[in-house]
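Reviewing the structure listed below.
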Amino acid sequence: MSKIDISHFKEHLQAEKTAVVLDIGSVYTKCGIAGEHYPRVVMKSVAKNEKGKLVRLHDQLHSDDFYQVMKNFLLDVYNRALLVNPKEWKVVIVESILSPTRFRETLAKLLFKYFEVPCVLFAPSHLTTTFTLGISTALVLEVGYEETLAVPIAEGIPLSPYCESVALAAKSVYKELEKKLLMTCSVTGPNEEMPLSAVMTSISEDILEDIAVRCCFVTDKKRAKIVQAQEQAGQDMDATSLVPVTSSVKYPLSANHNLLISGDVREFSCEVLFKLDAEESSVATAILDVLKKVPIDLRKPLAENIVIVGGTAMLPGFQHRLMCEIYDLLNLPKYCNAIGITKVKFHKLPSKENFAPWLGGSIFGALEILPNRAMSRENYLEQQCLPDWTKLDVQKEGS
């Protein structure tokens with residue numbers, strides 16, 4: 001039998017290896033291979049610490065064992081989720097422009113020194129989102145876990161001085177949902193019914209997230225105004241006056257017990273995202289405040305190219321309500337006179353809102369120019385630092 005030459009097979013396999021794409025969020029991490037349409041794995045952003053306890057990555061950012069926690073997390077990504085050899089794959093990290101410096105530096109140190117990856121590209125998540133639509137100018141609103149961040153993109157450049165952030169996102173919804181559940185809802189058993197507050201004093205975030213995803217939705221502006229008028233008049237919220245009345249649902253807590261979730265809890269737990277707080281901020285004002293700050297020639301292109309991403313934006317009715325809120329706020333003198341915009345448009349993404357930034361990273365990671373834009377392992381080992389816009393070292397010519 002003649003000897004089989006497998007060299008061309010090796011070359012073919014190496015040519016197929018593009019890049020690993022990671023989008024490490026506060027709660028979930030999307031990981032997969034560049035050039036693919038969907039992340040291969042969506043996993044919790046958790047790992048074991050030195051005591052063997054599962055902890056969130058971002059909660060350990062300022063702890064002494066953050067390096068070890070991040071190392072355990074990346075081991076799970078490579079050895080359990082993707083099953084690839086890190087030494088043979090380039091890496092694209094999709095990150096927020098407000099990502100903490102320590103998070104980036106620890107990640108880079110592990111990838112280059114421990115996992116010995118060939119190169120790493122840190123790509124702004126708001127910018128990669130625009131790659132999925134093939135546009136270079138857009139206002140990207142990311143409604144995440146802890147905050148909502150609006151970032152204008154002009155000709156492929158994130159304009160970070162004009163970005164707006166409000167502390168209203170999924171965490172705010174969970175807090176409001178827990179408050180309403182403990183105050184008004186009850187637990188039904190085989191032979192009895194009792195208030196939820198008599199069974200438990202707090203609800204785990206995993207359950208709150210599941211209830212929000214399965215049962216809650218964003219109501220329309222007209223119904224929200226009726227309830228807001230009741231609250232401003234000092235009356236208790238009476239959702240039964242609304243027609244049609246939102247039905248109650250049963251959520252299983254155990255084999256024999258169900259949580260009876262009332263219609264008003266399902267419908268109005270998300271109102272916290274749109275109510276103006278003490279600083280007159282909401283998810284909608286984040287967009288208008290950006291339009292107010294950017295140069296006047298960018299306002300119309302940005303207003304007509306708004307892109308909504310983030311898991312919270314997947315709530316039923318969210319985008320319709322956001323549009324109504326924006327038009328309602330545009331009638332206020334604060335924005336009407338300062339912005340001069342009469343029309344806003346939302347883009348429809350080619351993917352689900354929760355992994356659109358990852359998909360943009362997948363598109364960019366499959367391009368041949370990736371090694372030219374990324375930092376190589378050799379350069380990192382020589383410089384021992386990452387390029388960071390917060391640490392610009394500007395030297396005069398000839399110095």
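For the structure tokens, the naming scheme is as follows: chains receive sequential letters (A, B, ...) according to their order of presentation, residues are indexed from 1 within each chain, and ligands are indexed from 1 in presentation order.
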
_Using DSSP assignments from the backbone, pull out every residue in stretch 82-209 of chain A that falls under alpha helix (DSSP H) and give it to me as a count of residues only._
40

*Do a neighbour search on A:Val140 at 12 Å with only C-alpha atoms, toss out local chain neighbours closer than 4 positions, and write the hits as number ranges by chain.*
A: 96, 124-131, 133, 135-136, 148-154, 158-160, 163-165, 286-287, 290-291, 302-310, 345-347, 349, 353, 356-357

*Compare A:Ser99, A:Ser351, A:Gln384, A:Ser362 by their minimum atom-to-atom distance to A:Val20, counting only C-alpha atoms, and give me the closest one.*
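Of A:Ser99, A:Ser351, A:Gln384, A:Ser362, the one nearest A:Val20, counting only C-alpha atoms, is A:Ser362.
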
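In terms of minimum interatomic distance to A:Ala224, A:Ser269 ranks closest within A:Ser202, A:Ser45, A:Thr101, A:Ser269, counting only C-alpha atoms.
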
*asked:* Ranking A:Leu98, A:Ile207, A:Met375, A:Val41 by minimum distance to A:Leu83 and counting only C-alpha atoms, which one comes first?
replied: A:Val41
